[in-house]
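Novice: Pasting coords.csv here (CSV, N, CA and C atoms):
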```csv
chain,number,residue,atom,x,y,z
A,1,MET,N,42.6,-35.2,-68.5
A,1,MET,CA,42.8,-34.2,-67.4
A,1,MET,C,43.0,-35.0,-66.1
A,2,THR,N,43.9,-34.6,-65.3
A,2,THR,CA,44.2,-35.3,-64.0
A,2,THR,C,43.7,-34.5,-62.9
A,3,ALA,N,43.3,-35.2,-61.9
A,3,ALA,CA,42.9,-34.5,-60.6
A,3,ALA,C,44.0,-34.5,-59.6
A,4,ALA,N,43.9,-33.8,-58.6
A,4,ALA,CA,44.9,-33.8,-57.5
A,4,ALA,C,45.2,-35.2,-57.1
A,5,GLY,N,46.5,-35.5,-57.0
A,5,GLY,CA,46.9,-36.8,-56.6
A,5,GLY,C,47.0,-37.9,-57.7
A,6,ASP,N,46.6,-37.5,-58.9
A,6,ASP,CA,46.6,-38.5,-60.0
A,6,ASP,C,47.9,-38.6,-60.8
A,7,GLY,N,48.9,-38.0,-60.3
A,7,GLY,CA,50.2,-38.1,-61.1
A,7,GLY,C,51.3,-37.4,-60.3
A,8,PRO,N,52.4,-37.4,-61.0
A,8,PRO,CA,53.6,-36.8,-60.3
A,8,PRO,C,53.6,-35.3,-60.2
A,9,TRP,N,52.6,-34.6,-60.9
A,9,TRP,CA,52.7,-33.2,-60.9
A,9,TRP,C,51.9,-32.5,-59.7
A,10,LEU,N,50.9,-33.3,-59.1
A,10,LEU,CA,50.1,-32.7,-58.1
A,10,LEU,C,50.1,-33.7,-56.9
A,11,ASP,N,50.0,-33.1,-55.7
A,11,ASP,CA,49.9,-33.9,-54.5
A,11,ASP,C,48.8,-33.3,-53.7
A,12,ASP,N,47.9,-34.1,-53.1
A,12,ASP,CA,46.8,-33.6,-52.3
A,12,ASP,C,47.2,-32.7,-51.2
A,13,ALA,N,48.3,-33.1,-50.5
A,13,ALA,CA,48.7,-32.3,-49.3
A,13,ALA,C,49.6,-31.2,-49.7
A,14,ALA,N,50.5,-31.4,-50.6
A,14,ALA,CA,51.5,-30.4,-51.0
A,14,ALA,C,51.0,-29.4,-52.1
A,15,GLY,N,50.1,-29.9,-52.9
A,15,GLY,CA,49.7,-29.0,-54.1
A,15,GLY,C,50.6,-29.3,-55.2
A,16,ARG,N,50.9,-28.3,-56.0
A,16,ARG,CA,51.7,-28.4,-57.2
A,16,ARG,C,53.2,-28.7,-56.8
A,17,LEU,N,53.7,-29.8,-57.3
A,17,LEU,CA,55.1,-30.2,-56.9
A,17,LEU,C,56.1,-29.6,-57.8
A,18,VAL,N,55.7,-29.0,-58.9
A,18,VAL,CA,56.6,-28.4,-59.9
A,18,VAL,C,56.4,-26.9,-59.9
A,19,ARG,N,57.4,-26.1,-59.7
A,19,ARG,CA,57.2,-24.6,-59.8
A,19,ARG,C,56.7,-24.2,-61.1
A,20,PRO,N,55.8,-23.3,-61.2
A,20,PRO,CA,55.2,-22.9,-62.5
A,20,PRO,C,56.2,-22.5,-63.6
A,21,PHE,N,57.2,-21.8,-63.2
A,21,PHE,CA,58.2,-21.4,-64.3
A,21,PHE,C,59.1,-22.6,-64.7
A,22,THR,N,59.0,-23.7,-64.0
A,22,THR,CA,59.7,-24.9,-64.5
A,22,THR,C,58.9,-25.4,-65.7
A,23,VAL,N,57.6,-25.3,-65.6
A,23,VAL,CA,56.8,-25.8,-66.7
A,23,VAL,C,57.1,-25.1,-68.0
A,24,SER,N,57.5,-23.8,-68.0
A,24,SER,CA,57.9,-23.1,-69.2
A,24,SER,C,59.4,-23.0,-69.4
A,25,ASP,N,60.1,-23.9,-68.8
A,25,ASP,CA,61.6,-24.0,-68.8
A,25,ASP,C,62.2,-22.6,-68.5
A,26,GLY,N,61.6,-21.9,-67.5
A,26,GLY,CA,62.1,-20.7,-67.0
A,26,GLY,C,61.9,-19.5,-68.0
A,27,ARG,N,61.3,-19.7,-69.1
A,27,ARG,CA,61.0,-18.6,-70.0
A,27,ARG,C,59.8,-17.8,-69.5
A,28,THR,N,59.9,-16.5,-69.7
A,28,THR,CA,58.9,-15.6,-69.2
A,28,THR,C,58.2,-14.8,-70.3
A,29,ARG,N,58.8,-14.9,-71.5
A,29,ARG,CA,58.2,-14.1,-72.6
A,29,ARG,C,57.8,-15.0,-73.7
A,30,PRO,N,56.5,-14.9,-74.1
A,30,PRO,CA,56.0,-15.7,-75.2
A,30,PRO,C,56.5,-15.2,-76.5
A,31,THR,N,56.6,-16.1,-77.5
A,31,THR,CA,57.1,-15.7,-78.8
A,31,THR,C,56.0,-15.1,-79.7
A,32,VAL,N,54.7,-15.2,-79.2
A,32,VAL,CA,53.6,-14.7,-79.9
A,32,VAL,C,52.9,-13.7,-79.0
A,33,ALA,N,52.5,-12.6,-79.6
A,33,ALA,CA,51.8,-11.5,-78.8
A,33,ALA,C,50.4,-12.0,-78.4
A,34,LEU,N,50.2,-12.2,-77.1
A,34,LEU,CA,48.9,-12.7,-76.6
A,34,LEU,C,48.5,-11.7,-75.4
A,35,ASP,N,47.2,-11.4,-75.3
A,35,ASP,CA,46.8,-10.7,-74.2
A,35,ASP,C,45.7,-11.5,-73.5
A,36,LEU,N,45.2,-11.1,-72.4
A,36,LEU,CA,44.3,-11.9,-71.6
A,36,LEU,C,43.0,-12.3,-72.4
A,37,MET,N,42.6,-11.5,-73.3
A,37,MET,CA,41.4,-11.7,-74.0
A,37,MET,C,41.6,-12.3,-75.4
A,38,SER,N,42.8,-12.5,-75.8
A,38,SER,CA,43.1,-13.2,-77.1
A,38,SER,C,42.4,-14.6,-77.1
A,39,GLN,N,41.9,-14.9,-78.2
A,39,GLN,CA,41.2,-16.2,-78.4
A,39,GLN,C,42.2,-17.2,-79.0
A,40,VAL,N,42.2,-18.4,-78.4
A,40,VAL,CA,43.1,-19.5,-78.9
A,40,VAL,C,42.2,-20.7,-79.2
A,41,MET,N,42.6,-21.4,-80.2
A,41,MET,CA,41.8,-22.6,-80.6
A,41,MET,C,42.7,-23.7,-81.2
A,42,ALA,N,42.4,-24.9,-80.8
A,42,ALA,CA,43.2,-26.0,-81.4
A,42,ALA,C,43.0,-26.2,-82.9
A,43,THR,N,44.0,-26.5,-83.6
A,43,THR,CA,43.9,-26.6,-85.1
A,43,THR,C,43.7,-28.1,-85.5
A,44,GLY,N,44.0,-29.0,-84.6
A,44,GLY,CA,43.8,-30.4,-84.9
A,44,GLY,C,45.2,-31.0,-85.3
A,45,ALA,N,46.2,-30.2,-85.5
A,45,ALA,CA,47.5,-30.7,-85.9
A,45,ALA,C,48.2,-31.3,-84.7
A,46,THR,N,48.9,-32.4,-84.9
A,46,THR,CA,49.6,-33.0,-83.8
A,46,THR,C,51.0,-32.4,-83.6
A,47,PRO,N,51.3,-31.8,-82.5
A,47,PRO,CA,52.7,-31.2,-82.3
A,47,PRO,C,53.7,-32.3,-82.3
A,48,LEU,N,54.9,-32.0,-82.9
A,48,LEU,CA,56.0,-32.9,-82.9
A,48,LEU,C,56.8,-32.7,-81.6
A,49,GLY,N,57.5,-33.7,-81.2
A,49,GLY,CA,58.3,-33.6,-80.0
A,49,GLY,C,57.5,-33.7,-78.7
A,50,TYR,N,58.2,-33.7,-77.6
A,50,TYR,CA,57.6,-33.9,-76.3
A,50,TYR,C,56.9,-32.6,-75.8
A,51,LEU,N,55.7,-32.8,-75.3
A,51,LEU,CA,55.0,-31.7,-74.7
A,51,LEU,C,54.7,-32.2,-73.3
A,52,GLY,N,54.7,-31.3,-72.3
A,52,GLY,CA,54.4,-31.6,-71.0
A,52,GLY,C,52.9,-31.8,-70.8
A,53,PRO,N,52.5,-32.2,-69.6
A,53,PRO,CA,51.1,-32.4,-69.4
A,53,PRO,C,50.3,-31.1,-69.4
A,54,GLU,N,50.9,-30.0,-69.1
A,54,GLU,CA,50.2,-28.7,-69.2
A,54,GLU,C,49.9,-28.4,-70.6
A,55,HIS,N,50.8,-28.7,-71.6
A,55,HIS,CA,50.6,-28.4,-73.0
A,55,HIS,C,49.4,-29.2,-73.5
A,56,ALA,N,49.4,-30.5,-73.1
A,56,ALA,CA,48.3,-31.4,-73.5
A,56,ALA,C,47.0,-30.9,-73.0
A,57,GLU,N,47.0,-30.5,-71.7
A,57,GLU,CA,45.7,-30.0,-71.1
A,57,GLU,C,45.3,-28.7,-71.8
A,58,ALA,N,46.2,-27.9,-72.2
A,58,ALA,CA,45.9,-26.6,-72.9
A,58,ALA,C,45.2,-26.9,-74.2
A,59,ILE,N,45.7,-27.9,-74.9
A,59,ILE,CA,45.1,-28.3,-76.2
A,59,ILE,C,43.7,-28.8,-76.0
A,60,GLU,N,43.5,-29.6,-75.0
A,60,GLU,CA,42.1,-30.0,-74.7
A,60,GLU,C,41.2,-28.9,-74.4
A,61,ARG,N,41.7,-27.9,-73.6
A,61,ARG,CA,40.8,-26.8,-73.3
A,61,ARG,C,40.5,-25.9,-74.5
A,62,CYS,N,41.3,-26.0,-75.5
A,62,CYS,CA,41.2,-25.1,-76.7
A,62,CYS,C,40.5,-25.8,-77.8
A,63,ARG,N,39.7,-26.8,-77.6
A,63,ARG,CA,39.0,-27.5,-78.6
A,63,ARG,C,37.9,-26.5,-79.2
A,64,VAL,N,37.5,-25.6,-78.4
A,64,VAL,CA,36.6,-24.5,-78.9
A,64,VAL,C,37.4,-23.2,-78.6
A,65,PRO,N,37.1,-22.1,-79.3
A,65,PRO,CA,37.8,-20.8,-79.0
A,65,PRO,C,37.6,-20.5,-77.5
A,66,VAL,N,38.7,-20.1,-76.9
A,66,VAL,CA,38.7,-19.7,-75.5
A,66,VAL,C,39.7,-18.6,-75.3
A,67,ALA,N,39.5,-17.8,-74.3
A,67,ALA,CA,40.4,-16.7,-74.0
A,67,ALA,C,41.6,-17.2,-73.2
A,68,VAL,N,42.7,-16.5,-73.4
A,68,VAL,CA,44.0,-16.9,-72.7
A,68,VAL,C,43.7,-16.9,-71.2
A,69,ALA,N,43.0,-15.9,-70.6
A,69,ALA,CA,42.7,-15.8,-69.2
A,69,ALA,C,42.0,-17.1,-68.7
A,70,GLU,N,41.1,-17.6,-69.5
A,70,GLU,CA,40.3,-18.7,-69.1
A,70,GLU,C,41.2,-20.0,-69.1
A,71,VAL,N,42.1,-20.1,-70.1
A,71,VAL,CA,43.0,-21.2,-70.1
A,71,VAL,C,43.9,-21.2,-68.8
A,72,ALA,N,44.4,-20.0,-68.5
A,72,ALA,CA,45.2,-19.9,-67.3
A,72,ALA,C,44.5,-20.3,-66.1
A,73,ALA,N,43.2,-19.9,-66.0
A,73,ALA,CA,42.4,-20.3,-64.8
A,73,ALA,C,42.2,-21.8,-64.7
A,74,HIS,N,42.0,-22.4,-65.8
A,74,HIS,CA,41.8,-23.9,-65.8
A,74,HIS,C,43.0,-24.6,-65.5
A,75,LEU,N,44.2,-24.1,-66.0
A,75,LEU,CA,45.5,-24.8,-65.8
A,75,LEU,C,46.0,-24.5,-64.4
A,76,LYS,N,45.4,-23.5,-63.7
A,76,LYS,CA,45.9,-23.0,-62.4
A,76,LYS,C,47.4,-22.6,-62.5
A,77,LEU,N,47.7,-21.9,-63.5
A,77,LEU,CA,49.0,-21.4,-63.7
A,77,LEU,C,49.0,-19.9,-63.8
A,78,PRO,N,50.1,-19.2,-63.5
A,78,PRO,CA,50.1,-17.7,-63.8
A,78,PRO,C,49.9,-17.5,-65.2
A,79,VAL,N,49.4,-16.3,-65.5
A,79,VAL,CA,49.1,-15.9,-66.9
A,79,VAL,C,50.4,-15.9,-67.7
A,80,ALA,N,51.5,-15.4,-67.2
A,80,ALA,CA,52.8,-15.3,-67.9
A,80,ALA,C,53.2,-16.7,-68.3
A,81,VAL,N,53.1,-17.7,-67.5
A,81,VAL,CA,53.5,-19.1,-67.8
A,81,VAL,C,52.5,-19.6,-68.9
A,82,THR,N,51.3,-19.4,-68.7
A,82,THR,CA,50.3,-19.9,-69.7
A,82,THR,C,50.5,-19.3,-71.1
A,83,LYS,N,50.9,-18.0,-71.1
A,83,LYS,CA,51.1,-17.4,-72.4
A,83,LYS,C,52.3,-18.1,-73.1
A,84,VAL,N,53.4,-18.4,-72.3
A,84,VAL,CA,54.5,-19.1,-72.9
A,84,VAL,C,54.1,-20.5,-73.5
A,85,LEU,N,53.3,-21.2,-72.7
A,85,LEU,CA,52.8,-22.5,-73.1
A,85,LEU,C,52.0,-22.4,-74.4
A,86,LEU,N,51.1,-21.5,-74.4
A,86,LEU,CA,50.2,-21.3,-75.6
A,86,LEU,C,51.0,-20.9,-76.8
A,87,ALA,N,52.0,-20.0,-76.6
A,87,ALA,CA,52.9,-19.6,-77.7
A,87,ALA,C,53.6,-20.8,-78.2
A,88,ASP,N,54.1,-21.7,-77.4
A,88,ASP,CA,54.8,-22.9,-77.8
A,88,ASP,C,53.8,-23.7,-78.8
A,89,LEU,N,52.6,-23.8,-78.4
A,89,LEU,CA,51.6,-24.5,-79.2
A,89,LEU,C,51.2,-23.8,-80.5
A,90,VAL,N,51.2,-22.5,-80.5
A,90,VAL,CA,51.0,-21.7,-81.7
A,90,VAL,C,52.2,-21.9,-82.6
A,91,ASP,N,53.4,-21.9,-82.1
A,91,ASP,CA,54.6,-22.0,-82.9
A,91,ASP,C,54.7,-23.4,-83.6
A,92,CYS,N,54.2,-24.4,-82.9
A,92,CYS,CA,54.3,-25.7,-83.5
A,92,CYS,C,53.0,-26.1,-84.4
A,93,GLY,N,52.1,-25.1,-84.5
A,93,GLY,CA,50.9,-25.3,-85.3
A,93,GLY,C,49.7,-26.0,-84.6
A,94,ALA,N,49.8,-26.3,-83.4
A,94,ALA,CA,48.7,-27.0,-82.7
A,94,ALA,C,47.6,-26.0,-82.3
A,95,LEU,N,47.9,-24.8,-82.2
A,95,LEU,CA,46.9,-23.7,-81.8
A,95,LEU,C,46.9,-22.6,-82.8
A,96,THR,N,45.8,-22.0,-83.0
A,96,THR,CA,45.8,-20.7,-83.7
A,96,THR,C,45.2,-19.7,-82.8
A,97,THR,N,45.5,-18.4,-83.1
A,97,THR,CA,45.1,-17.3,-82.2
A,97,THR,C,44.6,-16.1,-83.0
A,98,LYS,N,43.7,-15.4,-82.4
A,98,LYS,CA,43.3,-14.1,-83.0
A,98,LYS,C,43.1,-13.1,-81.8
A,99,PRO,N,43.4,-11.9,-82.1
A,99,PRO,CA,43.2,-10.9,-81.1
A,99,PRO,C,41.7,-10.6,-80.9
A,100,PRO,N,41.3,-10.2,-79.7
A,100,PRO,CA,39.9,-9.9,-79.5
A,100,PRO,C,39.5,-8.7,-80.4
A,101,ALA,N,38.3,-8.7,-80.9
A,101,ALA,CA,37.7,-7.6,-81.7
A,101,ALA,C,37.0,-6.7,-80.7
A,102,PHE,N,37.5,-5.5,-80.6
A,102,PHE,CA,36.9,-4.5,-79.7
A,102,PHE,C,36.0,-3.6,-80.4
A,103,HIS,N,34.7,-3.5,-80.1
A,103,HIS,CA,33.8,-2.6,-80.6
A,103,HIS,C,33.4,-1.6,-79.5
A,104,HIS,N,34.1,-1.7,-78.4
A,104,HIS,CA,33.8,-0.9,-77.3
A,104,HIS,C,35.1,-0.7,-76.4
A,105,ASN,N,35.0,0.0,-75.3
A,105,ASN,CA,36.1,0.2,-74.5
A,105,ASN,C,36.5,-1.1,-73.8
A,106,PRO,N,37.7,-1.6,-74.0
A,106,PRO,CA,38.1,-2.9,-73.4
A,106,PRO,C,38.3,-2.8,-71.9
A,107,THR,N,38.3,-1.7,-71.3
A,107,THR,CA,38.5,-1.6,-69.8
A,107,THR,C,37.1,-1.1,-69.2
A,108,ASP,N,36.1,-1.3,-70.0
A,108,ASP,CA,34.7,-1.0,-69.5
A,108,ASP,C,34.4,-1.9,-68.2
A,109,ARG,N,34.0,-1.3,-67.2
A,109,ARG,CA,33.7,-2.0,-65.9
A,109,ARG,C,32.7,-3.1,-66.1
A,110,ALA,N,31.7,-2.9,-66.8
A,110,ALA,CA,30.6,-3.9,-67.1
A,110,ALA,C,31.2,-5.2,-67.8
A,111,LEU,N,32.1,-4.9,-68.8
A,111,LEU,CA,32.8,-6.0,-69.5
A,111,LEU,C,33.7,-6.8,-68.6
A,112,LEU,N,34.5,-6.1,-67.8
A,112,LEU,CA,35.4,-6.8,-66.8
A,112,LEU,C,34.6,-7.6,-65.8
A,113,GLU,N,33.5,-7.1,-65.3
A,113,GLU,CA,32.7,-7.8,-64.4
A,113,GLU,C,32.0,-9.1,-65.0
A,114,ALA,N,31.6,-8.9,-66.3
A,114,ALA,CA,31.1,-10.1,-67.0
A,114,ALA,C,32.1,-11.2,-67.2
A,115,VAL,N,33.4,-10.8,-67.5
A,115,VAL,CA,34.4,-11.8,-67.7
A,115,VAL,C,34.7,-12.5,-66.3
A,116,LEU,N,34.8,-11.7,-65.3
A,116,LEU,CA,35.0,-12.3,-63.9
A,116,LEU,C,33.9,-13.2,-63.6
A,117,ASP,N,32.6,-12.8,-63.8
A,117,ASP,CA,31.5,-13.7,-63.5
A,117,ASP,C,31.6,-15.0,-64.3
A,118,GLY,N,31.9,-14.9,-65.6
A,118,GLY,CA,32.1,-16.1,-66.4
A,118,GLY,C,33.2,-17.0,-65.9
A,119,LEU,N,34.3,-16.5,-65.5
A,119,LEU,CA,35.4,-17.3,-65.0
A,119,LEU,C,35.0,-18.0,-63.7
A,120,ARG,N,34.2,-17.2,-62.8
A,120,ARG,CA,33.8,-17.9,-61.6
A,120,ARG,C,32.8,-19.0,-61.8
A,121,ARG,N,32.0,-18.9,-62.8
A,121,ARG,CA,31.0,-20.0,-63.2
A,121,ARG,C,31.8,-21.2,-63.7
A,122,GLN,N,32.9,-21.0,-64.4
A,122,GLN,CA,33.7,-22.1,-64.9
A,122,GLN,C,34.5,-22.8,-63.9
A,123,LEU,N,34.8,-22.2,-62.8
A,123,LEU,CA,35.7,-22.8,-61.7
A,123,LEU,C,34.9,-23.4,-60.7
```
Using structure tokens, write down the structure from this file.

Specialist:
Amino acid sequence: MTAAGDGPWLDDAAGRLVRPFTVSDGRTRPTVALDLMSQVMATGATPLGYLGPEHAEAIERCRVPVAVAEVAAHLKLPVAVTKVLLADLVDCGALTTKPPAFHHNPTDRALLEAVLDGLRRQL
């Protein structure tokens, strides 16, 4: 993982030097159906071909099952871009995904507040 100023992608003064949609090659639609609460996890398979630093960081974040929203927060990328990156990794076998299992109302206010609190603790 790199910190601000540790490479060509970030700069302390300017922030991100590459536009988020450049990271996904301008693609806005993932090839795999993912929602904010879908769980993704690394499979241990090594992806073939070049992956950008965001792909590599996403694999690191997914060593344990994690929600798409949490990966986006850690990568500091829009969710739409993160979904494309994660779909790339699912397509090449580096990640596996499963939809969230709902035994309750997914728009329950208490659930949404718990997710928000968890994300705040992680950042």

Novice: For a test of reading the model, state the distance in Å between atom N of Val81 of chain A and atom N of Gly52 of chain A, rounded to one decimal.

Specialist: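 It comes out at 14.5 Å.
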
Novice: Contacts of Pro100 of chain A at 8 Å or less, counting only N, CA and C atoms, minus same-chain residues fewer than 4 places along, as an NGL selection string?

Specialist: :A and (35-39)

Novice: Step by step: start from the point (32.9, -20.5, -65.9) in the file's coordinates, keep every protein, DNA or RNA residue that has an atom no farther than 12 Å from it, count only C-alpha atoms, and write the set as a ChimeraX atom specification.

Specialist: /A:66-67,69-71,73-74,114-123

Novice: Set the distance at 6.5 Å and use all atoms listed in the file: which residues neighbour Pro30 of chain A once local chain neighbours fewer than 3 positions away are removed? I'd like the list as number ranges by chain.

Specialist: A: 27, 33, 83-84, 87

Novice: Could you work out how far atom CA of Glu54 of chain A lies from atom CA of Glu113 of chain A, giving the answer in Å with one decimal?

Specialist: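 So the answer is 27.7 Å.
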
Novice: May I ask for the distance between atom N of Arg29 of chain A and atom C of Ala110 of chain A, given in Å to one decimal place?

Specialist: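 For atom N of Arg29 of chain A relative to atom C of Ala110 of chain A, the distance reads 29.5 Å.
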
Novice: Using only C-alpha atoms, determine which residues lie at most 9 Å from Thr97 of chain A, disregarding the query and same-chain residues fewer than 6 positions distant; provide the list as a ChimeraX atom specification.

Specialist: /A:34,38-42,65,90
